[in-house]
Structures are given as C-alpha cells and as structure tokens.
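Source file: query-v1.pdb; contents: PDB, C-alpha atoms.
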```
MODEL        1
ATOM      1  CA  MET A   1     -24.129 -49.097   9.631
ATOM      2  CA  SER A   2     -26.818 -51.700   8.952
ATOM      3  CA  GLN A   3     -28.949 -51.054   5.909
ATOM      4  CA  PRO A   4     -32.526 -49.830   6.363
ATOM      5  CA  THR A   5     -35.311 -52.021   5.132
ATOM      6  CA  SER A   6     -38.336 -50.938   3.197
ATOM      7  CA  GLN A   7     -41.771 -52.325   2.542
ATOM      8  CA  ALA A   8     -43.726 -51.698  -0.615
ATOM      9  CA  PRO A   9     -47.520 -51.446  -0.716
ATOM     10  CA  GLY A  10     -49.332 -54.689  -1.344
ATOM     11  CA  SER A  11     -48.052 -56.695   1.629
ATOM     12  CA  SER A  12     -49.955 -59.812   2.656
ATOM     13  CA  ALA A  13     -52.220 -60.092   5.663
ATOM     14  CA  SER A  14     -49.320 -61.712   7.538
ATOM     15  CA  ALA A  15     -47.460 -58.389   7.544
ATOM     16  CA  GLY A  16     -46.611 -57.329  11.069
ATOM     17  CA  ALA A  17     -46.817 -60.862  12.462
ATOM     18  CA  HIS A  18     -44.055 -60.177  15.005
ATOM     19  CA  MET A  19     -45.611 -56.881  16.062
ATOM     20  CA  ASP A  20     -49.014 -58.542  16.396
ATOM     21  CA  ARG A  21     -47.711 -61.268  18.701
ATOM     22  CA  GLU A  22     -45.615 -58.846  20.727
ATOM     23  CA  LEU A  23     -48.280 -56.201  21.256
ATOM     24  CA  GLN A  24     -50.833 -58.825  22.275
ATOM     25  CA  SER A  25     -48.428 -60.179  24.907
ATOM     26  CA  GLN A  26     -48.178 -56.853  26.738
ATOM     27  CA  PRO A  27     -50.553 -57.479  29.686
ATOM     28  CA  ALA A  28     -48.691 -60.662  30.657
ATOM     29  CA  VAL A  29     -45.300 -59.022  30.152
ATOM     30  CA  TRP A  30     -46.315 -56.043  32.301
ATOM     31  CA  ARG A  31     -47.201 -58.412  35.133
ATOM     32  CA  ARG A  32     -43.691 -59.873  35.004
ATOM     33  CA  ALA A  33     -42.121 -56.404  34.952
ATOM     34  CA  ILE A  34     -44.233 -55.227  37.887
ATOM     35  CA  ASP A  35     -43.302 -58.295  39.930
ATOM     36  CA  GLN A  36     -39.620 -57.877  39.007
ATOM     37  CA  ALA A  37     -39.614 -54.206  40.010
ATOM     38  CA  THR A  38     -41.174 -55.103  43.343
ATOM     39  CA  ALA A  39     -38.466 -57.701  44.001
ATOM     40  CA  GLU A  40     -35.440 -55.654  42.905
ATOM     41  CA  ASN A  41     -33.741 -52.524  44.213
ATOM     42  CA  LEU A  42     -31.563 -51.429  41.300
ATOM     43  CA  LEU A  43     -32.783 -47.932  40.518
ATOM     44  CA  PRO A  44     -31.577 -44.651  42.075
ATOM     45  CA  ALA A  45     -32.497 -44.016  45.697
ATOM     46  CA  VAL A  46     -34.979 -41.387  46.788
ATOM     47  CA  GLY A  47     -33.315 -37.985  46.758
ATOM     48  CA  GLU A  48     -30.662 -38.794  44.164
ATOM     49  CA  ARG A  49     -30.339 -36.524  41.133
ATOM     50  CA  VAL A  50     -30.952 -38.597  38.033
ATOM     51  CA  ALA A  51     -30.587 -38.234  34.264
ATOM     52  CA  VAL A  52     -32.527 -40.678  32.095
ATOM     53  CA  ILE A  53     -31.394 -41.228  28.512
ATOM     54  CA  GLY A  54     -32.629 -43.064  25.456
ATOM     55  CA  CYS A  55     -33.197 -42.783  21.725
ATOM     56  CA  GLY A  56     -36.494 -42.843  19.862
ATOM     57  CA  THR A  57     -39.109 -44.778  21.791
ATOM     58  CA  SER A  58     -36.751 -45.179  24.749
ATOM     59  CA  TRP A  59     -36.377 -41.394  24.985
ATOM     60  CA  PHE A  60     -40.140 -41.024  25.332
ATOM     61  CA  MET A  61     -40.199 -43.707  28.049
ATOM     62  CA  ALA A  62     -37.411 -41.720  29.738
ATOM     63  CA  GLN A  63     -39.626 -38.623  29.668
ATOM     64  CA  SER A  64     -42.500 -40.512  31.296
ATOM     65  CA  TYR A  65     -40.277 -41.975  34.022
ATOM     66  CA  ALA A  66     -38.636 -38.616  34.723
ATOM     67  CA  ALA A  67     -41.983 -36.879  35.141
ATOM     68  CA  ALA A  68     -43.350 -39.682  37.318
ATOM     69  CA  ARG A  69     -40.269 -39.846  39.560
ATOM     70  CA  GLU A  70     -40.269 -36.109  40.216
ATOM     71  CA  SER A  71     -44.029 -36.062  40.816
ATOM     72  CA  ALA A  72     -43.590 -38.878  43.337
ATOM     73  CA  GLY A  73     -41.141 -36.688  45.284
ATOM     74  CA  GLN A  74     -38.179 -38.977  44.651
ATOM     75  CA  GLY A  75     -35.806 -36.292  43.435
ATOM     76  CA  LEU A  76     -34.751 -34.209  40.482
ATOM     77  CA  THR A  77     -35.025 -36.270  37.301
ATOM     78  CA  ASP A  78     -34.284 -35.066  33.767
ATOM     79  CA  ALA A  79     -34.778 -36.913  30.478
ATOM     80  CA  PHE A  80     -32.438 -36.493  27.515
ATOM     81  CA  ALA A  81     -32.157 -37.839  24.015
ATOM     82  CA  ALA A  82     -28.830 -39.657  24.247
ATOM     83  CA  SER A  83     -27.465 -37.656  21.317
ATOM     84  CA  GLU A  84     -28.087 -34.414  23.220
ATOM     85  CA  ALA A  85     -26.938 -35.559  26.654
ATOM     86  CA  SER A  86     -23.345 -34.352  26.653
ATOM     87  CA  VAL A  87     -24.306 -31.859  29.389
ATOM     88  CA  VAL A  88     -24.988 -34.705  31.831
ATOM     89  CA  ALA A  89     -21.376 -34.888  32.986
ATOM     90  CA  GLY A  90     -21.375 -31.341  34.333
ATOM     91  CA  ARG A  91     -24.732 -31.123  36.069
ATOM     92  CA  GLY A  92     -24.098 -32.943  39.313
ATOM     93  CA  TYR A  93     -26.206 -36.020  38.717
ATOM     94  CA  ASP A  94     -25.782 -38.983  41.016
ATOM     95  CA  ALA A  95     -26.866 -41.587  38.475
ATOM     96  CA  VAL A  96     -27.823 -42.127  34.853
ATOM     97  CA  VAL A  97     -30.554 -44.533  33.786
ATOM     98  CA  ALA A  98     -30.074 -45.642  30.174
ATOM     99  CA  ILE A  99     -33.020 -47.294  28.416
ATOM    100  CA  SER A 100     -32.226 -49.407  25.345
ATOM    101  CA  ARG A 101     -34.046 -52.385  23.872
ATOM    102  CA  SER A 102     -31.033 -53.603  21.903
ATOM    103  CA  GLY A 103     -28.191 -52.252  24.030
ATOM    104  CA  THR A 104     -26.349 -51.475  20.790
ATOM    105  CA  THR A 105     -27.522 -47.964  19.924
ATOM    106  CA  THR A 106     -24.467 -45.861  19.118
ATOM    107  CA  GLU A 107     -25.408 -42.693  20.995
ATOM    108  CA  VAL A 108     -26.308 -44.592  24.162
ATOM    109  CA  LEU A 109     -23.088 -46.613  24.143
ATOM    110  CA  GLU A 110     -20.930 -43.542  23.484
ATOM    111  CA  LEU A 111     -22.473 -41.647  26.387
ATOM    112  CA  MET A 112     -22.204 -44.609  28.761
ATOM    113  CA  THR A 113     -18.553 -45.048  27.777
ATOM    114  CA  ALA A 114     -17.832 -41.375  28.409
ATOM    115  CA  LEU A 115     -19.533 -41.417  31.824
ATOM    116  CA  LYS A 116     -18.306 -44.779  33.105
ATOM    117  CA  GLY A 117     -16.521 -44.430  36.417
ATOM    118  CA  THR A 118     -17.800 -40.896  37.036
ATOM    119  CA  LEU A 119     -21.306 -41.706  38.283
ATOM    120  CA  ARG A 120     -23.529 -44.745  38.640
ATOM    121  CA  LEU A 121     -24.831 -46.157  35.358
ATOM    122  CA  ILE A 122     -28.027 -48.216  35.381
ATOM    123  CA  ALA A 123     -29.152 -49.861  32.150
ATOM    124  CA  VAL A 124     -32.688 -51.026  31.346
ATOM    125  CA  ILE A 125     -32.090 -53.548  28.564
ATOM    126  CA  GLY A 126     -33.924 -56.144  26.496
ATOM    127  CA  ASP A 127     -30.939 -57.881  24.876
ATOM    128  CA  VAL A 128     -28.854 -59.170  27.778
ATOM    129  CA  GLU A 129     -25.962 -60.126  25.494
ATOM    130  CA  SER A 130     -25.470 -56.568  24.255
ATOM    131  CA  PRO A 131     -22.421 -54.288  24.712
ATOM    132  CA  ALA A 132     -24.299 -52.063  27.163
ATOM    133  CA  MET A 133     -24.221 -54.857  29.725
ATOM    134  CA  GLY A 134     -20.478 -54.395  30.241
ATOM    135  CA  LEU A 135     -20.764 -50.628  30.694
ATOM    136  CA  ALA A 136     -23.482 -50.580  33.354
ATOM    137  CA  ASP A 137     -22.979 -50.735  37.111
ATOM    138  CA  ALA A 138     -26.442 -52.269  37.466
ATOM    139  CA  VAL A 139     -28.779 -53.824  34.889
ATOM    140  CA  VAL A 140     -32.544 -54.069  34.835
ATOM    141  CA  ALA A 141     -32.733 -57.083  32.529
ATOM    142  CA  LEU A 142     -35.979 -57.549  30.597
ATOM    143  CA  PRO A 143     -35.117 -60.321  28.097
ATOM    144  CA  TYR A 144     -38.691 -61.606  28.151
ATOM    145  CA  ALA A 145     -39.806 -58.240  26.735
ATOM    146  CA  ASP A 146     -37.307 -58.183  23.852
ATOM    147  CA  GLU A 147     -38.771 -58.131  20.356
ATOM    148  CA  GLN A 148     -38.215 -59.140  16.752
ATOM    149  CA  SER A 149     -40.304 -56.405  15.138
ATOM    150  CA  VAL A 150     -38.491 -53.216  14.228
ATOM    151  CA  VAL A 151     -41.488 -51.208  15.457
ATOM    152  CA  GLN A 152     -41.219 -51.406  19.228
ATOM    153  CA  THR A 153     -44.172 -52.169  21.506
ATOM    154  CA  ARG A 154     -43.794 -54.460  24.505
ATOM    155  CA  PHE A 155     -40.213 -53.645  25.498
ATOM    156  CA  ALA A 156     -41.057 -49.969  25.863
ATOM    157  CA  THR A 157     -44.199 -50.555  27.892
ATOM    158  CA  ALA A 158     -42.583 -53.276  30.018
ATOM    159  CA  ALA A 159     -39.659 -50.995  30.817
ATOM    160  CA  LEU A 160     -42.062 -48.226  31.758
ATOM    161  CA  ALA A 161     -44.163 -50.603  33.857
ATOM    162  CA  TYR A 162     -41.004 -51.487  35.793
ATOM    163  CA  LEU A 163     -39.989 -47.846  36.192
ATOM    164  CA  LEU A 164     -43.449 -46.599  37.202
ATOM    165  CA  THR A 165     -43.792 -49.392  39.750
ATOM    166  CA  SER A 166     -40.475 -48.323  41.260
ATOM    167  CA  VAL A 167     -41.868 -44.873  42.060
ATOM    168  CA  GLY A 168     -45.070 -46.196  43.597
ATOM    169  CA  ILE A 169     -47.564 -45.900  40.733
ATOM    170  CA  ASP A 170     -50.199 -48.634  40.943
ATOM    171  CA  LEU A 171     -50.554 -50.404  37.582
ATOM    172  CA  GLU A 172     -53.046 -53.086  38.626
ATOM    173  CA  GLN A 173     -55.829 -51.588  36.518
ATOM    174  CA  ALA A 174     -53.566 -51.285  33.490
ATOM    175  CA  ILE A 175     -53.556 -55.040  32.910
ATOM    176  CA  PRO A 176     -57.324 -55.711  32.625
ATOM    177  CA  ASP A 177     -57.749 -52.416  30.792
ATOM    178  CA  ALA A 178     -55.159 -53.483  28.217
ATOM    179  CA  GLU A 179     -56.743 -56.903  27.836
ATOM    180  CA  ALA A 180     -60.069 -55.225  27.095
ATOM    181  CA  ALA A 181     -58.532 -52.688  24.709
ATOM    182  CA  LEU A 182     -56.644 -55.351  22.764
ATOM    183  CA  ALA A 183     -59.807 -57.423  22.384
ATOM    184  CA  GLU A 184     -61.702 -54.573  20.706
ATOM    185  CA  GLU A 185     -62.101 -54.199  16.976
ATOM    186  CA  VAL A 186     -60.553 -51.063  15.513
ATOM    187  CA  ALA A 187     -63.279 -48.512  14.811
ATOM    188  CA  ALA A 188     -63.668 -47.531  11.163
ATOM    189  CA  GLU A 189     -63.137 -43.838  11.882
ATOM    190  CA  LEU A 190     -59.773 -44.620  13.509
ATOM    191  CA  LEU A 191     -58.728 -47.012  10.776
ATOM    192  CA  ASP A 192     -59.460 -44.401   8.109
ATOM    193  CA  ALA A 193     -58.453 -41.205   9.932
ATOM    194  CA  GLU A 194     -56.329 -38.839   7.883
ATOM    195  CA  GLN A 195     -54.355 -37.517  10.874
ATOM    196  CA  PHE A 196     -53.852 -38.155  14.607
ATOM    197  CA  THR A 197     -52.868 -35.778  17.389
ATOM    198  CA  PHE A 198     -51.939 -37.343  20.740
ATOM    199  CA  LEU A 199     -52.075 -35.399  24.002
ATOM    200  CA  GLY A 200     -51.064 -36.070  27.596
ATOM    201  CA  THR A 201     -50.367 -34.460  30.951
ATOM    202  CA  GLY A 202     -47.622 -35.211  33.482
ATOM    203  CA  TRP A 203     -46.036 -38.595  32.834
ATOM    204  CA  THR A 204     -48.469 -39.333  30.000
ATOM    205  CA  VAL A 205     -46.929 -36.622  27.775
ATOM    206  CA  GLY A 206     -44.184 -39.154  26.985
ATOM    207  CA  LEU A 207     -46.875 -41.665  26.022
ATOM    208  CA  ALA A 208     -48.408 -39.130  23.649
ATOM    209  CA  HIS A 209     -45.051 -38.589  21.960
ATOM    210  CA  GLU A 210     -44.523 -42.346  21.717
ATOM    211  CA  ALA A 211     -47.983 -42.891  20.209
ATOM    212  CA  GLY A 212     -47.195 -40.321  17.556
ATOM    213  CA  LEU A 213     -43.866 -41.962  16.763
ATOM    214  CA  LYS A 214     -45.485 -45.400  16.540
ATOM    215  CA  MET A 215     -48.000 -44.202  13.965
ATOM    216  CA  ARG A 216     -45.297 -42.466  11.929
ATOM    217  CA  GLU A 217     -43.063 -45.548  11.942
ATOM    218  CA  GLY A 218     -45.734 -48.132  11.246
ATOM    219  CA  VAL A 219     -48.128 -46.238   8.983
ATOM    220  CA  GLN A 220     -45.974 -43.474   7.505
ATOM    221  CA  GLY A 221     -48.786 -41.260   8.751
ATOM    222  CA  TRP A 222     -49.173 -37.637   9.755
ATOM    223  CA  THR A 223     -49.181 -37.511  13.549
ATOM    224  CA  GLU A 224     -48.457 -34.825  16.116
ATOM    225  CA  SER A 225     -48.158 -34.873  19.911
ATOM    226  CA  TYR A 226     -48.237 -32.210  22.627
ATOM    227  CA  PRO A 227     -48.781 -31.580  26.317
ATOM    228  CA  ALA A 228     -52.558 -31.339  26.461
ATOM    229  CA  MET A 229     -52.741 -27.776  27.755
ATOM    230  CA  GLU A 230     -50.501 -26.635  24.886
ATOM    231  CA  TYR A 231     -52.811 -28.044  22.238
ATOM    232  CA  ARG A 232     -55.103 -25.021  22.276
ATOM    233  CA  HIS A 233     -52.136 -22.677  21.789
ATOM    234  CA  GLY A 234     -52.043 -23.243  18.038
ATOM    235  CA  PRO A 235     -52.030 -26.975  17.161
ATOM    236  CA  ILE A 236     -55.826 -27.238  17.433
ATOM    237  CA  SER A 237     -55.908 -25.322  14.149
ATOM    238  CA  ILE A 238     -55.319 -28.573  12.224
ATOM    239  CA  ALA A 239     -58.268 -30.400  13.829
ATOM    240  CA  ALA A 240     -60.916 -31.179  11.209
ATOM    241  CA  PRO A 241     -63.438 -33.828  10.175
ATOM    242  CA  GLY A 242     -61.730 -37.121   9.396
ATOM    243  CA  ARG A 243     -58.936 -36.447  11.893
ATOM    244  CA  ALA A 244     -58.544 -37.684  15.487
ATOM    245  CA  VAL A 245     -57.492 -36.109  18.793
ATOM    246  CA  TRP A 246     -56.572 -38.685  21.474
ATOM    247  CA  LEU A 247     -56.057 -37.724  25.118
ATOM    248  CA  PHE A 248     -54.052 -39.987  27.456
ATOM    249  CA  GLY A 249     -54.720 -40.003  31.183
ATOM    250  CA  ASP A 250     -56.639 -37.441  33.202
ATOM    251  CA  ASP A 251     -59.382 -35.340  31.678
ATOM    252  CA  VAL A 252     -58.548 -31.761  30.732
ATOM    253  CA  PRO A 253     -61.439 -29.431  31.526
ATOM    254  CA  GLY A 254     -62.923 -27.835  28.451
ATOM    255  CA  LEU A 255     -60.794 -29.739  25.932
ATOM    256  CA  ALA A 256     -63.574 -31.935  24.537
ATOM    257  CA  GLY A 257     -65.787 -28.879  24.129
ATOM    258  CA  ASP A 258     -63.038 -27.056  22.246
ATOM    259  CA  VAL A 259     -62.432 -29.965  19.878
ATOM    260  CA  ALA A 260     -66.119 -30.614  19.158
ATOM    261  CA  PRO A 261     -66.695 -27.646  16.794
ATOM    262  CA  THR A 262     -63.701 -28.695  14.666
ATOM    263  CA  GLY A 263     -65.410 -31.925  13.616
ATOM    264  CA  ALA A 264     -62.428 -34.051  14.647
ATOM    265  CA  ASP A 265     -63.032 -37.304  16.529
ATOM    266  CA  TYR A 266     -62.156 -36.783  20.195
ATOM    267  CA  VAL A 267     -60.978 -39.949  21.982
ATOM    268  CA  HIS A 268     -60.653 -40.152  25.758
ATOM    269  CA  THR A 269     -61.195 -43.754  26.822
ATOM    270  CA  ARG A 270     -60.716 -43.225  30.589
ATOM    271  CA  ARG A 271     -58.750 -46.471  30.628
ATOM    272  CA  HIS A 272     -55.308 -46.661  32.175
ATOM    273  CA  PRO A 273     -52.853 -44.687  29.996
ATOM    274  CA  LEU A 274     -50.639 -47.740  29.397
ATOM    275  CA  ALA A 275     -53.687 -49.610  28.106
ATOM    276  CA  ASP A 276     -54.373 -46.701  25.774
ATOM    277  CA  LEU A 277     -50.847 -47.015  24.375
ATOM    278  CA  ALA A 278     -51.366 -50.742  23.790
ATOM    279  CA  GLN A 279     -54.561 -49.882  21.938
ATOM    280  CA  ILE A 280     -52.639 -47.399  19.770
ATOM    281  CA  HIS A 281     -50.225 -50.228  18.953
ATOM    282  CA  LYS A 282     -53.151 -52.326  17.737
ATOM    283  CA  ILE A 283     -54.608 -49.438  15.726
ATOM    284  CA  THR A 284     -51.198 -48.796  14.177
ATOM    285  CA  LEU A 285     -50.915 -52.416  13.065
ATOM    286  CA  ALA A 286     -54.422 -52.408  11.602
ATOM    287  CA  ARG A 287     -53.780 -49.160   9.735
ATOM    288  CA  ALA A 288     -50.460 -50.453   8.403
ATOM    289  CA  ARG A 289     -52.023 -53.642   7.100
ATOM    290  CA  ALA A 290     -54.876 -51.702   5.495
ATOM    291  CA  ARG A 291     -52.255 -49.683   3.604
ATOM    292  CA  GLY A 292     -50.178 -52.672   2.515
ATOM    293  CA  LEU A 293     -47.307 -51.870   4.897
ATOM    294  CA  ASP A 294     -45.308 -54.149   7.188
ATOM    295  CA  PRO A 295     -44.397 -52.580  10.567
ATOM    296  CA  ASP A 296     -41.962 -55.423  11.197
ATOM    297  CA  LEU A 297     -39.938 -53.955   8.324
ATOM    298  CA  PRO A 298     -40.749 -50.241   8.175
ATOM    299  CA  ARG A 299     -39.341 -47.920   5.562
ATOM    300  CA  ASN A 300     -35.862 -46.506   6.272
ATOM    301  CA  LEU A 301     -35.609 -48.076   9.751
ATOM    302  CA  THR A 302     -33.619 -50.818  11.459
ATOM    303  CA  ARG A 303     -34.081 -52.470  14.848
ATOM    304  CA  SER A 304     -31.109 -50.549  16.257
ATOM    305  CA  VAL A 305     -29.367 -47.438  14.970
ATOM    306  CA  ILE A 306     -25.658 -48.212  14.728
ATOM    307  CA  LEU A 307     -23.753 -45.315  13.238
ATOM    308  CA  GLY A 308     -20.642 -45.690  11.108
ATOM    309  CA  SER A 309     -17.484 -43.685  11.697
TER     310      SER A 309
ENDMDL
END
```
Would you write the structure of this file as structure tokens?
Amino acid sequence: MSQPTSQAPGSSASAGAHMDRELQSQPAVWRRAIDQATAENLLPAVGERVAVIGCGTSWFMAQSYAAARESAGQGLTDAFAASEASVVAGRGYDAVVAISRSGTTTEVLELMTALKGTLRLIAVIGDVESPAMGLADAVVALPYADEQSVVQTRFATAALAYLLTSVGIDLEQAIPDAEAALAEEVAAELLDAEQFTFLGTGWTVGLAHEAGLKMREGVQGWTESYPAMEYRHGPISIAAPGRAVWLFGDDVPGLAGDVAPTGADYVHTRRHPLADLAQIHKITLARARARGLDPDLPRNLTRSVILGS
C-alpha cells in the first residue's frame, strides 16, 4: 500500500497549486464532458436496472447519478460504496457503472473482477492507462479531467456532468454560474467558520455529502451533511453563531426561518448546484491555505487507495 502523505502547518502560499488550477478549470472541463456525453451512447439504456459504485468522492457522485437517473424515469438505479457492493451480483442488475478517477482503487477493481462476464461493466475513468480499462465492457474516458491533487475536484464534477447530461438534465446554466462563483472572493464568515453543514434534496444530496468530504480532506474541519428535510430531525441542534448551513439546489420551505434563530450563517446561492460545489472547492482551498495546510498533500491520504494483502 502506498504511504499516506502529511502536511504540517506553516505551508507557503503556493500550497494547493494543483487543486487551484484544477478547480478553476471546471467550467471548461464540464463543457467537454457535456459535449462528449451528447456524442456517445455508452451508458445503460432506459429501463435497465443499474448499480453504480465508487469509493469516497466517486461514491457520492454515484449517489447523485442514481437519484437523477431514477427521477428521470430511466429505471431502477442504486448507488453503493464499492466495499459494500457484494450484494450486486444477486440483485438482478443489468449493468454496473463504476466511477474511479485513478482506475486503481482496490475495492473497485475487486468488484469489477468478480462481476466480469456476468453483467455489463461500464467504467467512468480519468486515468485511461489504469487496470480498470481491461475489466470494463465500455469506458467513459475523461483523461482531460484527471488530476494531480490528492483532493479531487474536476474529475468528480466532470464525471457527474457527463452522467447528468445522459439522463437529460440541462447543465447550460451551470457553466456561467460556476465562472461567476469562482471569480468571487471568499467571504470572511465562510473563511473563518468553525463548522459547516451541507444539505441537499434529490440528486443534490450526493453533492452535499461530497462538499462535506472535501472540507474534511482539505481543511481537517468539522463538517456534516444530510438530506435537507432530515436536518431538522436533530442535526440542527449544532447550528450556532460562527457556523454555516449551506443548501444545494431547490429551496426548502421554512428551512431558512428555522436556521435564523440559531445564529448560524445560512447560505442558499440559488446558483446551479454544480456551481455551488465548485464554489465549495474554492472555499476549501482558501480555508486550507489560511490554516497552513496543503490540499494537494492532505494528512493520511493518497491519490488512490490501494490495499495490501
């Protein structure tokens, strides 16, 4: 297994240089992914039963795609963490979509190996020279979205842009919204916030989970994430002054009014949810740098988790 890297406080302003370049490139990369999805026909057909697998960030993108595909009426779609997907073989799926930036993650490769020849395997991959290429029956290749930073940004959002386009979700507004969001300065209250809670509904629940993971990876910060309607069933108890509650996607009636008395900052930009995620990437980088951390080399993490025997 490759050794995790760590980053001590006191990093220079150049910390996160890869992440900075990669997150800023997202609008242009999304355009390529949207155009590619429009031109290709590699994903499961309407009506097929589909399992979507991934690890970490890719698992959360799987959740978003699964929710979007079902909502679009394209067929039963379930998302699994690859390490917990052993049940896939016995559930009558027609296809598995495996999302992996590196194509080397142990749990993904083991599951693909076990399923090969039993149902159609479709891989969404950044590294087109990876072992997963030889296991897949079809490959959505996104080499232009691959990354050097350990903390993942553009591959995840490019993969999701491709997948959402395939189920008919219009992402045209996401691109100018992201350009505007990435041009903004990070507000002081977000730079200094003690804690973040991210919320979503439908396919944006996966984005909320991913935003929380990004902040934990890059900032070593306290973050939580929930379906928005669940937030008032307990988690709202941690809302307080100096903390932030961020809602992705559609408004939730009454939520802003419930958060207001807690003193927490309530953020609902009304921009496209993908643009919101890009903005969270920028906030994460700014918060990491302010704390002397390098999200290109986060504590205890590597670019791909490769498990030893």
Option closest in space to Thr113 of chain A, from A:Ser86, A:Thr157, A:Tyr231, A:Phe60 [counting all atoms listed in the file]: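 Ranked by minimum distance to Thr113 of chain A, first place goes to A:Ser86.
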Within 12 Å of file point (-25.4, -51.0, 25.2), counting all atoms listed in the file, expressed as a PyMOL selection string: chain A and resi 53-55+82+97-113+121-136+139+304-306
Go through segment 108-194 of chain A and flag each residue having an atom no more than 9 Å from segment 240-246 of chain A; for those, report the closest pair of atoms plus their distance in Å to one decimal, using all atoms listed in the file, ordered by chain and rising number, as a Markdown table.
```
| residue | atom | partner | partner_atom | distance |
| --- | --- | --- | --- | --- |
| A:Glu189 | CA | A:Gly242 | CA | 7.3 |
| A:Leu190 | CA | A:Ala244 | CA | 7.3 |
| A:Asp192 | CA | A:Gly242 | CA | 7.7 |
| A:Ala193 | CA | A:Arg243 | CA | 5.2 |
| A:Glu194 | CA | A:Arg243 | CA | 5.3 |
```
Selection near segment 227-230 of chain A, 10 Å with only C-alpha atoms, sequence-local residues under 5 positions removed, as a ChimeraX atom specification: /A:198-206,208-209,235-236,246-248,250-253,255
Requested write-out: C-alpha atoms of the selected residues, as a PDB file, in the frame of the given file:
```
ATOM      1  CA  PHE A 198     -51.939 -37.343  20.740  1.00  0.00           C
ATOM      2  CA  LEU A 199     -52.075 -35.399  24.002  1.00  0.00           C
ATOM      3  CA  GLY A 200     -51.064 -36.070  27.596  1.00  0.00           C
ATOM      4  CA  THR A 201     -50.367 -34.460  30.951  1.00  0.00           C
ATOM      5  CA  GLY A 202     -47.622 -35.211  33.482  1.00  0.00           C
ATOM      6  CA  TRP A 203     -46.036 -38.595  32.834  1.00  0.00           C
ATOM      7  CA  THR A 204     -48.469 -39.333  30.000  1.00  0.00           C
ATOM      8  CA  VAL A 205     -46.929 -36.622  27.775  1.00  0.00           C
ATOM      9  CA  GLY A 206     -44.184 -39.154  26.985  1.00  0.00           C
ATOM     10  CA  ALA A 208     -48.408 -39.130  23.649  1.00  0.00           C
ATOM     11  CA  HIS A 209     -45.051 -38.589  21.960  1.00  0.00           C
ATOM     12  CA  PRO A 235     -52.030 -26.975  17.161  1.00  0.00           C
ATOM     13  CA  ILE A 236     -55.826 -27.238  17.433  1.00  0.00           C
ATOM     14  CA  TRP A 246     -56.572 -38.685  21.474  1.00  0.00           C
ATOM     15  CA  LEU A 247     -56.057 -37.724  25.118  1.00  0.00           C
ATOM     16  CA  PHE A 248     -54.052 -39.987  27.456  1.00  0.00           C
ATOM     17  CA  ASP A 250     -56.639 -37.441  33.202  1.00  0.00           C
ATOM     18  CA  ASP A 251     -59.382 -35.340  31.678  1.00  0.00           C
ATOM     19  CA  VAL A 252     -58.548 -31.761  30.732  1.00  0.00           C
ATOM     20  CA  PRO A 253     -61.439 -29.431  31.526  1.00  0.00           C
ATOM     21  CA  LEU A 255     -60.794 -29.739  25.932  1.00  0.00           C
TER      22      LEU A 255
END
```
Result set, the PyMOL selection byres ((chain A and resi 287) around 12) on current file, as a VMD selection string: chain A and resid 13 15 to 16 186 to 195 214 to 221 280 to 286 288 to 295
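The spacing separating atom CA of Ser71 of chain A from atom CA of Ile169 of chain A amounts to 10.5 Å.
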For atom CA of Thr38 of chain A and atom CA of Ile175 of chain A, the interatomic separation in Å (one decimal):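 Going from atom CA of Thr38 of chain A over to atom CA of Ile175 of chain A, I get 16.2 Å.
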Residues selected by the PyMOL selection byres ((chain A and resi 158) around 8), written as JSON, numbers by chain: {"A": [26, 29, 30, 33, 142, 145, 154, 155, 156, 157, 159, 160, 161, 162]}
Computed interatomic separation between atom CA of Ser149 of chain A and atom CA of Glu22 of chain A (Å):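 Computing it gives 8.1 Å between the two atoms.
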For the file shown, what are the residues hit by the PyMOL selection byres ((chain A and resi 74) around 10), laid out as a short mmCIF file (atom, residue, chain, number, x, y, z; two decimals) with C-alpha atoms, in the coordinates of the input?
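Result written to part36.cif:
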```cif
data_model
loop_
_atom_site.label_atom_id
_atom_site.label_comp_id
_atom_site.auth_asym_id
_atom_site.auth_seq_id
_atom_site.Cartn_x
_atom_site.Cartn_y
_atom_site.Cartn_z
CA PRO A 44 -31.58 -44.65 42.08
CA ALA A 45 -32.50 -44.02 45.70
CA VAL A 46 -34.98 -41.39 46.79
CA GLY A 47 -33.32 -37.98 46.76
CA GLU A 48 -30.66 -38.79 44.16
CA ARG A 49 -30.34 -36.52 41.13
CA VAL A 50 -30.95 -38.60 38.03
CA ALA A 66 -38.64 -38.62 34.72
CA ALA A 68 -43.35 -39.68 37.32
CA ARG A 69 -40.27 -39.85 39.56
CA GLU A 70 -40.27 -36.11 40.22
CA SER A 71 -44.03 -36.06 40.82
CA ALA A 72 -43.59 -38.88 43.34
CA GLY A 73 -41.14 -36.69 45.28
CA GLY A 75 -35.81 -36.29 43.44
CA LEU A 76 -34.75 -34.21 40.48
CA THR A 77 -35.02 -36.27 37.30
CA VAL A 167 -41.87 -44.87 42.06
#
```
